[in-house]
$ cat upload12.txt   # compact mmCIF, C-alpha atoms
# COMPACT_ATOMS: atom_id res chain seq x y z
CA MET A 856 -24.79 -31.56 40.02
CA THR A 857 -27.32 -28.91 40.94
CA ASP A 858 -31.01 -29.32 40.17
CA GLN A 859 -31.47 -28.86 36.44
CA ARG A 860 -33.64 -26.14 35.05
CA ILE A 861 -36.13 -26.99 32.33
CA PHE A 862 -35.88 -25.75 28.76
CA SER A 863 -38.43 -23.19 27.58
CA GLU A 864 -39.50 -23.41 23.93
CA GLU A 865 -41.28 -20.09 24.34
CA ARG A 866 -38.05 -18.37 25.30
CA ALA A 867 -36.09 -20.18 22.59
CA ALA A 868 -38.35 -18.48 20.06
CA ARG A 869 -36.48 -15.26 20.83
CA ILE A 870 -33.27 -16.53 19.24
CA ALA A 871 -34.23 -16.54 15.56
CA PRO A 872 -35.51 -12.93 15.49
CA ALA A 873 -32.37 -11.72 17.27
CA MET A 874 -30.13 -13.53 14.80
CA GLN A 875 -32.23 -12.31 11.87
CA ALA A 876 -31.68 -8.76 13.12
CA GLN A 877 -27.93 -9.34 12.78
CA ILE A 878 -28.50 -10.51 9.19
CA ASP A 879 -30.77 -7.57 8.41
CA ALA A 880 -28.15 -5.15 9.73
CA GLY A 881 -25.64 -6.57 7.25
CA HIS A 882 -23.30 -7.83 9.96
CA PHE A 883 -23.36 -11.48 8.86
CA CYS A 884 -24.42 -13.43 5.79
CA GLY A 885 -25.69 -16.63 7.42
CA ILE A 886 -25.99 -17.82 11.02
CA GLU A 887 -26.75 -21.24 12.48
CA TRP A 888 -27.01 -22.50 16.05
CA ARG A 889 -27.69 -25.56 18.21
CA ILE A 890 -28.53 -26.09 21.91
CA ALA A 891 -28.54 -29.61 23.38
CA ARG A 892 -28.75 -31.61 26.60
CA ASP A 893 -27.92 -35.30 27.11
CA HIS A 894 -27.18 -35.70 23.38
CA GLU A 895 -30.69 -34.49 22.60
CA VAL A 896 -31.09 -31.35 20.52
CA LEU A 897 -33.30 -28.88 22.40
CA HIS A 898 -33.29 -26.16 19.80
CA THR A 899 -31.62 -25.41 16.47
CA GLY A 900 -32.09 -22.82 13.80
CA ARG A 901 -30.54 -20.93 10.92
CA VAL A 902 -31.10 -17.61 9.18
CA GLY A 903 -29.59 -15.81 6.22
CA LEU A 904 -27.73 -16.98 3.15
CA ARG A 905 -24.95 -19.38 2.20
CA ASP A 906 -23.32 -16.51 0.30
CA THR A 907 -24.35 -13.16 -1.11
CA GLU A 908 -23.37 -14.06 -4.66
CA SER A 909 -25.71 -17.05 -5.10
CA GLY A 910 -28.47 -15.79 -2.82
CA MET A 911 -29.02 -19.37 -1.62
CA THR A 912 -30.27 -19.84 1.92
CA VAL A 913 -28.08 -21.59 4.50
CA PRO A 914 -28.16 -25.22 3.29
CA ASP A 915 -28.78 -28.39 5.26
CA GLY A 916 -25.42 -29.53 6.62
CA ALA A 917 -23.76 -26.18 5.93
CA LEU A 918 -19.96 -26.50 6.13
CA TYR A 919 -18.02 -23.93 8.13
CA ARG A 920 -14.33 -23.25 8.47
CA ILE A 921 -14.14 -23.49 12.25
CA TYR A 922 -10.58 -22.17 12.60
CA SER A 923 -9.51 -22.32 16.27
CA MET A 924 -12.45 -24.50 17.28
CA THR A 925 -10.13 -27.14 15.78
CA LYS A 926 -7.95 -26.74 18.87
CA PRO A 927 -10.26 -28.40 21.46
CA VAL A 928 -10.75 -31.35 19.08
CA ILE A 929 -6.98 -31.86 18.79
CA SER A 930 -6.47 -31.36 22.53
CA ALA A 931 -9.14 -33.96 23.33
CA LEU A 932 -7.50 -36.39 20.89
CA LEU A 933 -4.14 -35.95 22.59
CA MET A 934 -5.74 -36.54 25.99
CA MET A 935 -7.24 -39.77 24.66
CA LEU A 936 -3.70 -40.90 23.83
CA TRP A 937 -2.57 -39.76 27.29
CA GLU A 938 -5.23 -42.01 28.84
CA GLU A 939 -3.49 -44.94 27.18
CA GLY A 940 -0.16 -44.17 28.87
CA ARG A 941 1.52 -43.02 25.65
CA PHE A 942 3.14 -40.01 27.37
CA ARG A 943 3.07 -37.92 30.55
CA LEU A 944 1.93 -34.33 30.60
CA TYR A 945 5.21 -33.28 32.21
CA ASP A 946 7.32 -35.03 29.56
CA PRO A 947 9.59 -32.60 27.72
CA LEU A 948 8.37 -32.05 24.18
CA SER A 949 11.86 -32.82 22.90
CA ARG A 950 11.43 -36.46 24.01
CA PHE A 951 9.23 -36.90 20.94
CA LEU A 952 10.22 -33.89 18.81
CA PRO A 953 13.99 -33.36 19.26
CA ALA A 954 13.98 -30.12 17.24
CA PHE A 955 12.42 -28.41 20.29
CA ALA A 956 15.37 -29.13 22.60
CA ASP A 957 17.59 -26.31 23.89
CA ARG A 958 15.19 -23.47 23.18
CA GLN A 959 16.23 -19.81 23.05
CA VAL A 960 13.92 -16.94 24.06
CA LEU A 961 13.90 -13.66 22.16
CA ILE A 962 13.92 -10.72 24.56
CA ARG A 963 13.12 -7.18 23.36
CA GLU A 964 14.85 -4.52 25.41
CA ALA A 965 13.31 -1.16 26.30
CA ASP A 966 15.40 0.56 23.61
CA GLY A 967 13.99 -1.75 20.91
CA THR A 968 17.03 -3.98 20.56
CA ALA A 969 16.62 -7.76 20.82
CA ARG A 970 18.72 -10.49 22.36
CA LEU A 971 18.50 -14.24 22.88
CA GLU A 972 18.77 -16.05 26.19
CA PRO A 973 18.45 -19.78 27.00
CA ALA A 974 14.99 -20.94 28.08
CA ARG A 975 14.83 -21.47 31.84
CA ARG A 976 13.28 -24.90 31.38
CA PRO A 977 12.16 -27.19 28.54
CA ILE A 978 8.71 -27.00 26.97
CA ASN A 979 6.58 -29.82 28.37
CA ILE A 980 3.51 -31.32 26.73
CA ALA A 981 1.06 -29.65 29.13
CA ASP A 982 2.54 -26.30 28.08
CA LEU A 983 1.33 -26.92 24.53
CA LEU A 984 -2.25 -27.47 25.62
CA THR A 985 -2.35 -24.46 27.96
CA HIS A 986 -0.60 -21.98 25.63
CA THR A 987 2.23 -21.54 28.12
CA SER A 988 4.86 -23.06 25.81
CA GLY A 989 6.40 -19.73 24.82
CA LEU A 990 5.50 -20.20 21.15
CA SER A 991 3.60 -17.41 19.39
CA TYR A 992 1.21 -16.53 16.55
CA ASP A 993 1.93 -14.25 13.61
CA PHE A 994 -1.01 -11.89 14.28
CA LEU A 995 -0.08 -10.94 17.86
CA TYR A 996 0.81 -7.30 18.45
CA ASP A 997 4.02 -6.09 20.09
CA CYS A 998 5.78 -9.45 19.84
CA PRO A 999 9.07 -9.70 17.92
CA VAL A 1000 8.68 -13.46 17.43
CA ALA A 1001 5.20 -12.93 15.96
CA GLU A 1002 6.76 -10.42 13.57
CA ARG A 1003 9.28 -13.06 12.46
CA TYR A 1004 6.51 -15.62 11.94
CA ALA A 1005 4.61 -13.09 9.83
CA LYS A 1006 7.63 -12.17 7.73
CA ALA A 1007 8.27 -15.85 6.98
CA ALA A 1008 4.56 -16.38 6.14
CA ILE A 1009 4.49 -19.86 7.64
CA ILE A 1010 1.03 -19.99 9.22
CA GLY A 1011 -0.98 -19.03 6.14
CA ASP A 1012 0.75 -21.48 3.79
CA GLY A 1013 -2.02 -23.93 2.90
CA THR A 1014 0.28 -26.00 0.68
CA SER A 1015 2.64 -27.29 3.37
CA SER A 1016 2.16 -30.41 5.46
CA LEU A 1017 1.74 -30.35 9.23
CA GLU A 1018 5.19 -31.86 9.69
CA ALA A 1019 6.73 -29.15 7.48
CA LEU A 1020 4.90 -26.44 9.40
CA VAL A 1021 6.13 -27.73 12.77
CA THR A 1022 9.68 -28.08 11.42
CA ARG A 1023 9.61 -24.40 10.48
CA ILE A 1024 8.13 -23.38 13.83
CA ALA A 1025 11.07 -25.05 15.57
CA GLU A 1026 13.48 -22.79 13.67
CA PHE A 1027 12.27 -19.68 15.53
CA PRO A 1028 13.10 -18.59 19.08
CA LEU A 1029 10.42 -18.55 21.76
CA ALA A 1030 8.48 -15.41 22.66
CA ARG A 1031 8.27 -16.28 26.38
CA HIS A 1032 10.00 -18.60 28.81
CA PRO A 1033 8.03 -21.88 29.01
CA GLY A 1034 5.48 -21.77 31.81
CA SER A 1035 5.92 -18.06 32.46
CA ALA A 1036 2.89 -16.61 30.65
CA TYR A 1037 -0.30 -17.43 28.80
CA HIS A 1038 0.62 -16.53 25.22
CA TYR A 1039 -1.78 -17.70 22.52
CA SER A 1040 0.14 -19.58 19.89
CA VAL A 1041 0.75 -22.35 17.37
CA SER A 1042 1.19 -24.73 20.31
CA VAL A 1043 -1.75 -26.91 19.23
CA ASP A 1044 -0.30 -27.30 15.74
CA VAL A 1045 2.75 -28.74 17.46
CA ALA A 1046 0.48 -30.86 19.67
CA ALA A 1047 -1.27 -32.21 16.57
CA HIS A 1048 2.03 -33.27 15.04
CA LEU A 1049 2.98 -34.80 18.39
CA ALA A 1050 -0.25 -36.85 18.33
CA GLN A 1051 0.51 -38.29 14.91
CA VAL A 1052 4.10 -39.06 15.92
CA ILE A 1053 2.96 -40.85 19.09
CA ALA A 1054 0.20 -42.77 17.31
CA GLY A 1055 2.19 -43.43 14.14
CA LYS A 1056 -0.73 -42.32 11.92
CA PRO A 1057 -1.60 -39.23 9.87
CA LEU A 1058 -3.63 -36.72 11.84
CA GLY A 1059 -6.75 -36.90 9.65
CA GLU A 1060 -6.83 -40.69 9.82
CA LEU A 1061 -6.29 -40.62 13.57
CA LEU A 1062 -9.15 -38.18 14.10
CA ARG A 1063 -11.49 -40.17 11.89
CA GLU A 1064 -10.72 -43.42 13.70
CA ARG A 1065 -10.67 -42.16 17.28
CA MET A 1066 -13.28 -39.39 17.28
CA PHE A 1067 -15.21 -38.59 14.12
CA ASP A 1068 -16.46 -42.10 13.30
CA PRO A 1069 -17.50 -42.94 16.90
CA LEU A 1070 -19.36 -39.63 17.19
CA GLY A 1071 -20.94 -39.80 13.74
CA MET A 1072 -19.18 -36.60 12.65
CA ASP A 1073 -19.41 -37.57 8.99
CA ASP A 1074 -18.95 -34.06 7.60
CA THR A 1075 -15.94 -33.01 9.69
CA ALA A 1076 -12.52 -33.13 8.03
CA PHE A 1077 -9.61 -31.03 6.76
CA HIS A 1078 -10.90 -31.26 3.21
CA VAL A 1079 -14.29 -31.22 1.51
CA PRO A 1080 -15.10 -33.84 -1.16
CA GLU A 1081 -16.33 -32.45 -4.45
CA GLY A 1082 -19.89 -33.60 -3.83
CA LYS A 1083 -20.15 -31.52 -0.64
CA ARG A 1084 -18.55 -28.28 -1.81
CA ASP A 1085 -21.86 -26.59 -2.57
CA ARG A 1086 -22.43 -26.61 1.21
CA ILE A 1087 -19.34 -24.49 2.02
CA MET A 1088 -20.41 -21.17 3.51
CA GLY A 1089 -19.01 -17.95 2.06
CA MET A 1090 -16.40 -16.06 4.08
CA TYR A 1091 -16.65 -12.34 4.76
CA GLY A 1092 -14.79 -9.66 6.64
CA THR A 1093 -11.39 -8.04 6.67
CA SER A 1094 -7.99 -9.59 7.01
CA PHE A 1095 -7.77 -11.21 10.44
CA LEU A 1096 -3.98 -11.25 10.47
CA HIS A 1097 -1.39 -8.48 10.58
CA THR A 1098 -3.88 -5.72 11.43
CA PRO A 1099 -3.09 -2.79 13.77
CA PHE A 1100 -4.70 -2.76 17.18
CA PRO A 1101 -8.39 -1.89 16.72
CA PRO A 1102 -9.40 1.75 17.19
CA ALA A 1103 -11.71 2.92 19.96
CA GLU A 1104 -14.50 3.14 17.36
CA PRO A 1105 -14.27 0.02 15.16
CA PRO A 1106 -15.21 0.41 11.50
CA ARG A 1107 -18.70 -0.64 10.43
CA GLN A 1108 -18.91 -4.36 9.83
CA GLN A 1109 -19.60 -5.04 6.13
CA LEU A 1110 -20.15 -8.19 4.07
CA THR A 1111 -16.99 -7.91 2.02
CA PRO A 1112 -16.06 -11.30 0.48
CA LEU A 1113 -12.79 -12.55 1.98
CA PRO A 1114 -10.79 -15.06 -0.11
CA VAL A 1115 -9.32 -17.74 2.16
CA ASP A 1116 -8.89 -20.75 -0.14
CA ASP A 1117 -5.11 -20.35 -0.27
CA SER A 1118 -4.60 -20.16 3.50
CA HIS A 1119 -7.45 -22.57 4.38
CA PRO A 1120 -7.91 -24.84 1.33
CA PHE A 1121 -10.73 -27.34 0.96
CA ASP A 1122 -9.04 -29.51 -1.68
CA LYS A 1123 -5.71 -30.72 -0.26
CA PRO A 1124 -6.48 -34.01 1.55
CA GLY A 1125 -3.52 -35.45 3.39
CA VAL A 1126 -1.53 -32.23 2.96
CA PHE A 1127 -3.47 -29.44 4.68
CA GLU A 1128 -3.91 -30.84 8.19
CA ARG A 1129 -3.42 -28.60 11.19
CA GLY A 1130 -3.95 -28.48 14.94
CA GLY A 1131 -4.65 -24.82 15.55
CA HIS A 1132 -7.13 -24.43 12.70
CA GLY A 1133 -8.10 -26.18 9.49
CA LEU A 1134 -11.18 -28.30 10.13
CA PHE A 1135 -14.44 -27.93 8.24
CA SER A 1136 -17.47 -28.94 10.26
CA THR A 1137 -21.22 -28.57 10.58
CA THR A 1138 -23.27 -27.26 13.49
CA GLU A 1139 -24.61 -30.77 14.16
CA ASP A 1140 -21.21 -32.47 13.92
CA TYR A 1141 -19.53 -30.05 16.28
CA GLY A 1142 -22.50 -30.27 18.59
CA ARG A 1143 -21.90 -34.01 18.89
CA PHE A 1144 -18.31 -33.31 19.90
CA ALA A 1145 -19.50 -30.75 22.48
CA ASP A 1146 -22.09 -33.20 23.81
CA MET A 1147 -19.38 -35.82 24.27
CA LEU A 1148 -17.40 -33.44 26.48
CA VAL A 1149 -20.16 -33.37 29.13
CA ARG A 1150 -19.61 -36.99 30.21
CA GLY A 1151 -17.01 -38.31 27.79
CA LYS A 1152 -19.53 -40.56 26.06
CA THR A 1153 -21.07 -40.87 22.60
CA ALA A 1154 -24.84 -40.76 22.16
CA ASP A 1155 -24.95 -44.58 22.21
CA GLY A 1156 -22.97 -44.78 25.45
CA ARG A 1157 -19.44 -45.55 24.30
CA THR A 1158 -16.75 -43.90 26.41
CA LEU A 1159 -14.23 -41.78 24.51
CA MET A 1160 -12.79 -39.95 27.53
CA ALA A 1161 -12.98 -41.17 31.12
CA GLY A 1162 -14.45 -38.94 33.81
CA PRO A 1163 -11.12 -38.23 35.55
CA THR A 1164 -9.59 -37.31 32.19
CA LEU A 1165 -12.38 -34.81 31.53
CA ASP A 1166 -11.91 -33.39 35.03
CA LEU A 1167 -8.24 -32.76 34.23
CA PHE A 1168 -9.02 -31.49 30.73
CA THR A 1169 -11.44 -28.85 32.04
CA ALA A 1170 -9.62 -27.80 35.22
CA ASN A 1171 -8.08 -24.33 35.22
CA ARG A 1172 -4.28 -24.65 35.15
CA LEU A 1173 -3.38 -20.97 35.10
CA THR A 1174 -2.12 -19.21 38.22
CA ASP A 1175 -2.42 -15.57 39.20
CA LYS A 1176 0.75 -14.72 37.28
CA HIS A 1177 -0.91 -15.86 34.04
CA LEU A 1178 -4.17 -13.98 34.57
CA PRO A 1179 -6.09 -12.32 33.13
CA MET A 1180 -5.66 -14.25 29.90
CA THR A 1181 -5.26 -11.79 27.05
CA ILE A 1182 -5.09 -12.10 23.28
CA ASN A 1183 -3.94 -8.90 21.61
CA ARG A 1184 -4.58 -6.93 24.79
CA LEU A 1185 -8.17 -8.11 25.05
CA PRO A 1186 -8.65 -9.76 28.48
CA MET A 1187 -10.91 -12.75 29.11
CA LEU A 1188 -12.02 -11.78 32.58
CA GLY A 1189 -13.33 -14.51 34.84
CA TYR A 1190 -11.72 -17.32 32.85
CA GLY A 1191 -8.73 -19.57 33.18
CA PHE A 1192 -7.54 -22.27 30.81
CA GLY A 1193 -7.48 -26.04 30.97
CA LEU A 1194 -5.78 -28.54 28.67
CA GLY A 1195 -7.34 -27.13 25.52
CA VAL A 1196 -10.37 -25.03 26.55
CA ARG A 1197 -11.06 -21.81 28.41
CA VAL A 1198 -12.69 -22.48 31.78
CA ARG A 1199 -15.01 -20.17 33.74
CA THR A 1200 -13.58 -19.58 37.21
CA ASP A 1201 -15.33 -16.41 38.41
CA PRO A 1202 -18.82 -15.67 37.00
CA GLY A 1203 -18.79 -12.33 38.79
CA ARG A 1204 -16.13 -11.02 36.43
CA THR A 1205 -17.75 -12.22 33.19
CA PHE A 1206 -20.48 -10.61 31.12
CA VAL A 1207 -22.43 -13.63 29.88
CA PRO A 1208 -24.32 -16.34 31.81
CA GLY A 1209 -22.86 -19.66 32.88
CA ARG A 1210 -21.81 -21.59 35.93
CA ILE A 1211 -18.32 -22.13 37.34
CA GLY A 1212 -16.69 -24.83 35.22
CA GLU A 1213 -18.41 -23.87 31.95
CA PHE A 1214 -15.84 -24.24 29.17
CA GLY A 1215 -15.39 -23.87 25.43
CA TRP A 1216 -13.60 -21.89 22.72
CA SER A 1217 -14.14 -19.89 19.56
CA GLY A 1218 -12.84 -19.54 16.02
CA ALA A 1219 -11.45 -16.67 13.95
CA ALA A 1220 -14.56 -16.55 11.75
CA ALA A 1221 -16.85 -15.80 14.75
CA THR A 1222 -17.72 -19.42 15.49
CA ASN A 1223 -18.13 -20.43 19.11
CA PHE A 1224 -19.08 -23.34 21.38
CA TRP A 1225 -19.55 -23.89 25.09
CA VAL A 1226 -20.26 -26.75 27.46
CA ASP A 1227 -21.81 -26.24 30.89
CA PRO A 1228 -21.59 -29.50 32.88
CA GLU A 1229 -23.53 -28.08 35.84
CA GLU A 1230 -26.46 -27.09 33.65
CA ASN A 1231 -25.83 -30.17 31.48
CA ILE A 1232 -26.17 -28.10 28.32
CA THR A 1233 -24.09 -27.38 25.22
CA GLY A 1234 -24.26 -24.61 22.65
CA VAL A 1235 -22.76 -24.24 19.18
CA PHE A 1236 -22.83 -21.05 17.13
CA MET A 1237 -21.69 -20.87 13.50
CA THR A 1238 -21.19 -18.04 11.03
CA GLN A 1239 -18.33 -16.93 8.75
CA TYR A 1240 -16.99 -13.46 9.42
CA GLN A 1241 -13.38 -12.54 10.17
CA GLY A 1242 -12.08 -9.31 11.57
CA PRO A 1243 -9.30 -7.97 13.81
CA SER A 1244 -9.63 -8.54 17.53
CA GLY A 1245 -12.37 -6.40 19.04
CA THR A 1246 -13.91 -5.26 15.74
CA VAL A 1247 -16.56 -7.95 15.14
CA GLU A 1248 -20.10 -7.64 16.49
CA PRO A 1249 -20.27 -9.67 19.76
CA VAL A 1250 -23.04 -11.86 18.37
CA THR A 1251 -21.74 -14.98 20.14
CA ASP A 1252 -22.27 -13.31 23.53
CA GLU A 1253 -25.77 -12.36 22.44
CA PHE A 1254 -26.51 -15.94 21.41
CA ARG A 1255 -25.17 -17.37 24.65
CA THR A 1256 -27.29 -14.96 26.69
CA LEU A 1257 -30.39 -15.94 24.70
CA ALA A 1258 -29.56 -19.63 25.04
CA TYR A 1259 -29.18 -19.46 28.83
CA SER A 1260 -32.40 -17.48 29.10
CA THR A 1261 -34.23 -20.61 27.86
CA LEU A 1262 -33.37 -22.40 31.14
CA VAL A 1263 -36.11 -21.68 33.66
CA SER A 1264 -36.54 -22.82 37.26
CA VAL A 1265 -39.55 -24.87 38.31

$ encode --input "upload12.txt" --output "structure tokens"
Amino acid sequence: MTDQRIFSEERAARIAPAMQAQIDAGHFCGIEWRIARDHEVLHTGRVGLRDTESGMTVPDGALYRIYSMTKPVISALLMMLWEEGRFRLYDPLSRFLPAFADRQVLIREADGTARLEPARRPINIADLLTHTSGLSYDFLYDCPVAERYAKAAIIGDGTSSLEALVTRIAEFPLARHPGSAYHYSVSVDVAAHLAQVIAGKPLGELLRERMFDPLGMDDTAFHVPEGKRDRIMGMYGTSFLHTPFPPAEPPRQQLTPLPVDDSHPFDKPGVFERGGHGLFSTTEDYGRFADMLVRGKTADGRTLMAGPTLDLFTANRLTDKHLPMTINRLPMLGYGFGLGVRVRTDPGRTFVPGRIGEFGWSGAAATNFWVDPEENITGVFMTQYQGPSGTVEPVTDEFRTLAYSTLVSV
């Protein structure tokens, strides 16, 4: 590790005014953040309101729908099972989930017609964690499989179980040949079901036992008990799914209430459990998870993931043919992907600070986290605003820039 820089409280004081400016501009309702090192919180803050209707300020222990920030949690859980010799990363998925054997790939020809052809190889478990499985998402543009997902309305059904969701996913052809492309997808939902099949326990119970209890993540779950529901942050924005590619000049961001209780319910324990999204969490809880990913240990020194496992988890696995990673035509320049997190490979092609090896992910409601092992620092950013790709104010980049500017050389 390089010599660590020291944290500047004076520079950290810049963060709150910058975030308040986002609130004052009407871009977001409430914002919260956390920066930590060695399981010690260096700086935290919050501005704005829980929701515009009540006018209440962001509460202590505010609960956020973290959407795709669920994915790294599930991926880490699966790697903890891998450490125990429960499976191999190159095992075919069909060894555990037979419905995924003998996959077909849907090919769209230049004239618009479609045909099926056999997959060149089976989906393996590593493919799920790297989004190279060939599965898709329903909100991806120019993808005939995504269109079929959307027509069947399987992803937004908050009443179905994880097993039922994965059973339906297996009924569709693949969008890509396994291993051929980075294609963001429901792969981690399948990985979550795989974890519960391997462990023989429901996903929520498995997460509580293996991760949330050891880390003290008492407020993180797929449901919110009645006594905590007054801490759920309001959701704003426009429909994230099924939206045309964003125009060159995105529409002005407005605090329009966005109902999400049907697609992301808070009151269906044991039913609504997912891998690709679904968790509610707090800034502090998720920060504890991020802190664990620096060395694989809890704050009291218990090991949840061994060092070599973390090395594998955070190593870029994408080759030149997969890069640049894109989601709906938006490239993530300077990044590759590990077994559940994006990984910085070339700082010279990125637009925010961070060292090689910095990793993390984000969520559909503009949540974001990152871990920088070289700087030995973690950051968590929470708000609740959804919008089509490329139309939401890049506030997470602004926060990360401000956070890194607190690290000064001595």

$ closest_residue --input "upload12.txt" --among "A:Ile886, A:Val1041, A:Val1079, A:Leu983" --to "Gly1011 of chain A" --atoms "only C-alpha atoms"
A:Val1041

$ closest_residue --input "upload12.txt" --among "A:Phe1254, A:Phe862, A:Phe1144, A:Tyr945" --to "Met874 of chain A" --atoms "only C-alpha atoms"
A:Phe1254

$ atom_distance --input "upload12.txt" --atom1 "atom CA of Gln1108 of chain A" --atom2 "atom CA of Gly885 of chain A"
14.2 Å

$ residues_around --input "upload12.txt" --residues "Val913 of chain A" --least-positions-apart "6" --cutoff "7 Å" --atoms "only C-alpha atoms" --output "NGL selection string"
:A and (885 or 901-905)

$ closest_residue --input "upload12.txt" --among "A:Val1207, A:Gly1142, A:Pro1228, A:Leu1165" --to "Ala891 of chain A" --atoms "only C-alpha atoms"
A:Gly1142

$ residues_around --input "upload12.txt" --residues "Leu1262 of chain A" --least-positions-apart "2" --cutoff "6 Å" --atoms "all atoms listed in the file" --output "ChimeraX atom specification"
/A:860-862,1259-1260

$ closest_atom_pairs --input "upload12.txt" --of "segment 1164-1256 of chain A" --to "segment 993-996 of chain A" --cutoff "9 Å" --atoms "only C-alpha atoms" --output "CSV"
residue,atom,partner,partner_atom,distance
A:Ile1182,CA,A:Leu995,CA,7.5
A:Asn1183,CA,A:Leu995,CA,5.8
A:Arg1184,CA,A:Tyr996,CA,8.3

$ closest_residue --input "upload12.txt" --among "A:Leu1020, A:Leu1029, A:Leu1061, A:Met1066" --to "Arg1003 of chain A" --atoms "only C-alpha atoms"
A:Leu1029

$ atom_distance --input "upload12.txt" --atom1 "atom CA of Gly1092 of chain A" --atom2 "atom CA of Val1196 of chain A"
25.5 Å

$ atom_distance --input "upload12.txt" --atom1 "atom CA of Gly1218 of chain A" --atom2 "atom CA of Glu1128 of chain A"
16.4 Å

$ closest_atom_pairs --input "upload12.txt" --of "segment 913-1028 of chain A" --to "segment 1234-1240 of chain A" --cutoff "10 Å" --atoms "all atoms listed in the file" --output "CSV"
residue,atom,partner,partner_atom,distance
A:Ala917,CA,A:Met1237,CA,9.5
A:Leu918,CA,A:Met1237,CA,9.4
A:Tyr919,CA,A:Gln1239,CA,7.0
A:Arg920,CA,A:Gln1239,CA,7.5
A:Ile921,CA,A:Met1237,CA,8.1

$ axis_aligned_box --input "upload12.txt" --around "segment 979-994 of chain A" --padding-each-side "8 Å" --output "AutoDock Vina command-line options"
--center_x 2.1 --center_y -21.6 --center_z 21.4 --size_x 24.9 --size_y 35.4 --size_z 31.5

$ closest_residue --input "upload12.txt" --among "A:Leu1178, A:Val1115, A:Ile1232, A:Leu897" --to "Arg866 of chain A" --atoms "only C-alpha atoms"
A:Leu897

$ residues_around --input "upload12.txt" --residues "Thr1251 of chain A" --least-positions-apart "2" --cutoff "8 Å" --atoms "all atoms listed in the file" --output "JSON, numbers by chain"
{"A": [1221, 1222, 1223, 1236, 1249, 1253, 1254, 1255]}

$ write_last_selection --input "upload12.txt" --atoms "C-alpha atoms" --output "PDB file, in the frame of the given file"
ATOM      1  CA  ALA A1221     -16.850 -15.800  14.750  1.00  0.00           C
ATOM      2  CA  THR A1222     -17.720 -19.420  15.490  1.00  0.00           C
ATOM      3  CA  ASN A1223     -18.130 -20.430  19.110  1.00  0.00           C
ATOM      4  CA  PHE A1236     -22.830 -21.050  17.130  1.00  0.00           C
ATOM      5  CA  PRO A1249     -20.270  -9.670  19.760  1.00  0.00           C
ATOM      6  CA  GLU A1253     -25.770 -12.360  22.440  1.00  0.00           C
ATOM      7  CA  PHE A1254     -26.510 -15.940  21.410  1.00  0.00           C
ATOM      8  CA  ARG A1255     -25.170 -17.370  24.650  1.00  0.00           C
TER       9      ARG A1255
END

$ closest_residue --input "upload12.txt" --among "A:Met1072, A:Ile1211, A:Ala1030, A:Ala1046" --to "Thr1138 of chain A" --atoms "all atoms listed in the file"
A:Met1072

$ build_atoms --input "upload12.txt" --residues "segment 1201-1212 of chain A" --atoms "N, CA and C atoms" --output "PDB file, in the coordinates of the input"
ATOM      1  N   ASP A1201     -14.737 -17.466  37.583  1.00  0.00           N
ATOM      2  CA  ASP A1201     -15.330 -16.410  38.410  1.00  0.00           C
ATOM      3  C   ASP A1201     -16.460 -15.752  37.631  1.00  0.00           C
ATOM      4  N   PRO A1202     -17.695 -16.250  37.753  1.00  0.00           N
ATOM      5  CA  PRO A1202     -18.820 -15.670  37.000  1.00  0.00           C
ATOM      6  C   PRO A1202     -19.024 -14.185  37.282  1.00  0.00           C
ATOM      7  N   GLY A1203     -18.607 -13.725  38.444  1.00  0.00           N
ATOM      8  CA  GLY A1203     -18.790 -12.330  38.790  1.00  0.00           C
ATOM      9  C   GLY A1203     -17.946 -11.366  37.983  1.00  0.00           C
ATOM     10  N   ARG A1204     -16.969 -11.885  37.247  1.00  0.00           N
ATOM     11  CA  ARG A1204     -16.130 -11.020  36.430  1.00  0.00           C
ATOM     12  C   ARG A1204     -16.444 -11.159  34.944  1.00  0.00           C
ATOM     13  N   THR A1205     -17.392 -12.023  34.593  1.00  0.00           N
ATOM     14  CA  THR A1205     -17.750 -12.220  33.190  1.00  0.00           C
ATOM     15  C   THR A1205     -19.003 -11.411  32.862  1.00  0.00           C
ATOM     16  N   PHE A1206     -19.359 -11.420  31.571  1.00  0.00           N
ATOM     17  CA  PHE A1206     -20.480 -10.610  31.120  1.00  0.00           C
ATOM     18  C   PHE A1206     -21.544 -11.426  30.401  1.00  0.00           C
ATOM     19  N   VAL A1207     -21.434 -12.735  30.455  1.00  0.00           N
ATOM     20  CA  VAL A1207     -22.430 -13.630  29.880  1.00  0.00           C
ATOM     21  C   VAL A1207     -22.759 -14.712  30.911  1.00  0.00           C
ATOM     22  N   PRO A1208     -23.928 -15.342  30.806  1.00  0.00           N
ATOM     23  CA  PRO A1208     -24.320 -16.340  31.810  1.00  0.00           C
ATOM     24  C   PRO A1208     -23.454 -17.596  31.751  1.00  0.00           C
ATOM     25  N   GLY A1209     -23.575 -18.396  32.808  1.00  0.00           N
ATOM     26  CA  GLY A1209     -22.860 -19.660  32.880  1.00  0.00           C
ATOM     27  C   GLY A1209     -22.378 -19.930  34.285  1.00  0.00           C
ATOM     28  N   ARG A1210     -22.254 -21.208  34.597  1.00  0.00           N
ATOM     29  CA  ARG A1210     -21.810 -21.590  35.930  1.00  0.00           C
ATOM     30  C   ARG A1210     -20.293 -21.778  35.973  1.00  0.00           C
ATOM     31  N   ILE A1211     -19.736 -21.800  37.185  1.00  0.00           N
ATOM     32  CA  ILE A1211     -18.320 -22.130  37.340  1.00  0.00           C
ATOM     33  C   ILE A1211     -18.078 -23.498  36.689  1.00  0.00           C
ATOM     34  N   GLY A1212     -17.019 -23.576  35.905  1.00  0.00           N
ATOM     35  CA  GLY A1212     -16.690 -24.830  35.220  1.00  0.00           C
ATOM     36  C   GLY A1212     -17.162 -24.886  33.783  1.00  0.00           C
TER      37      GLY A1212
END
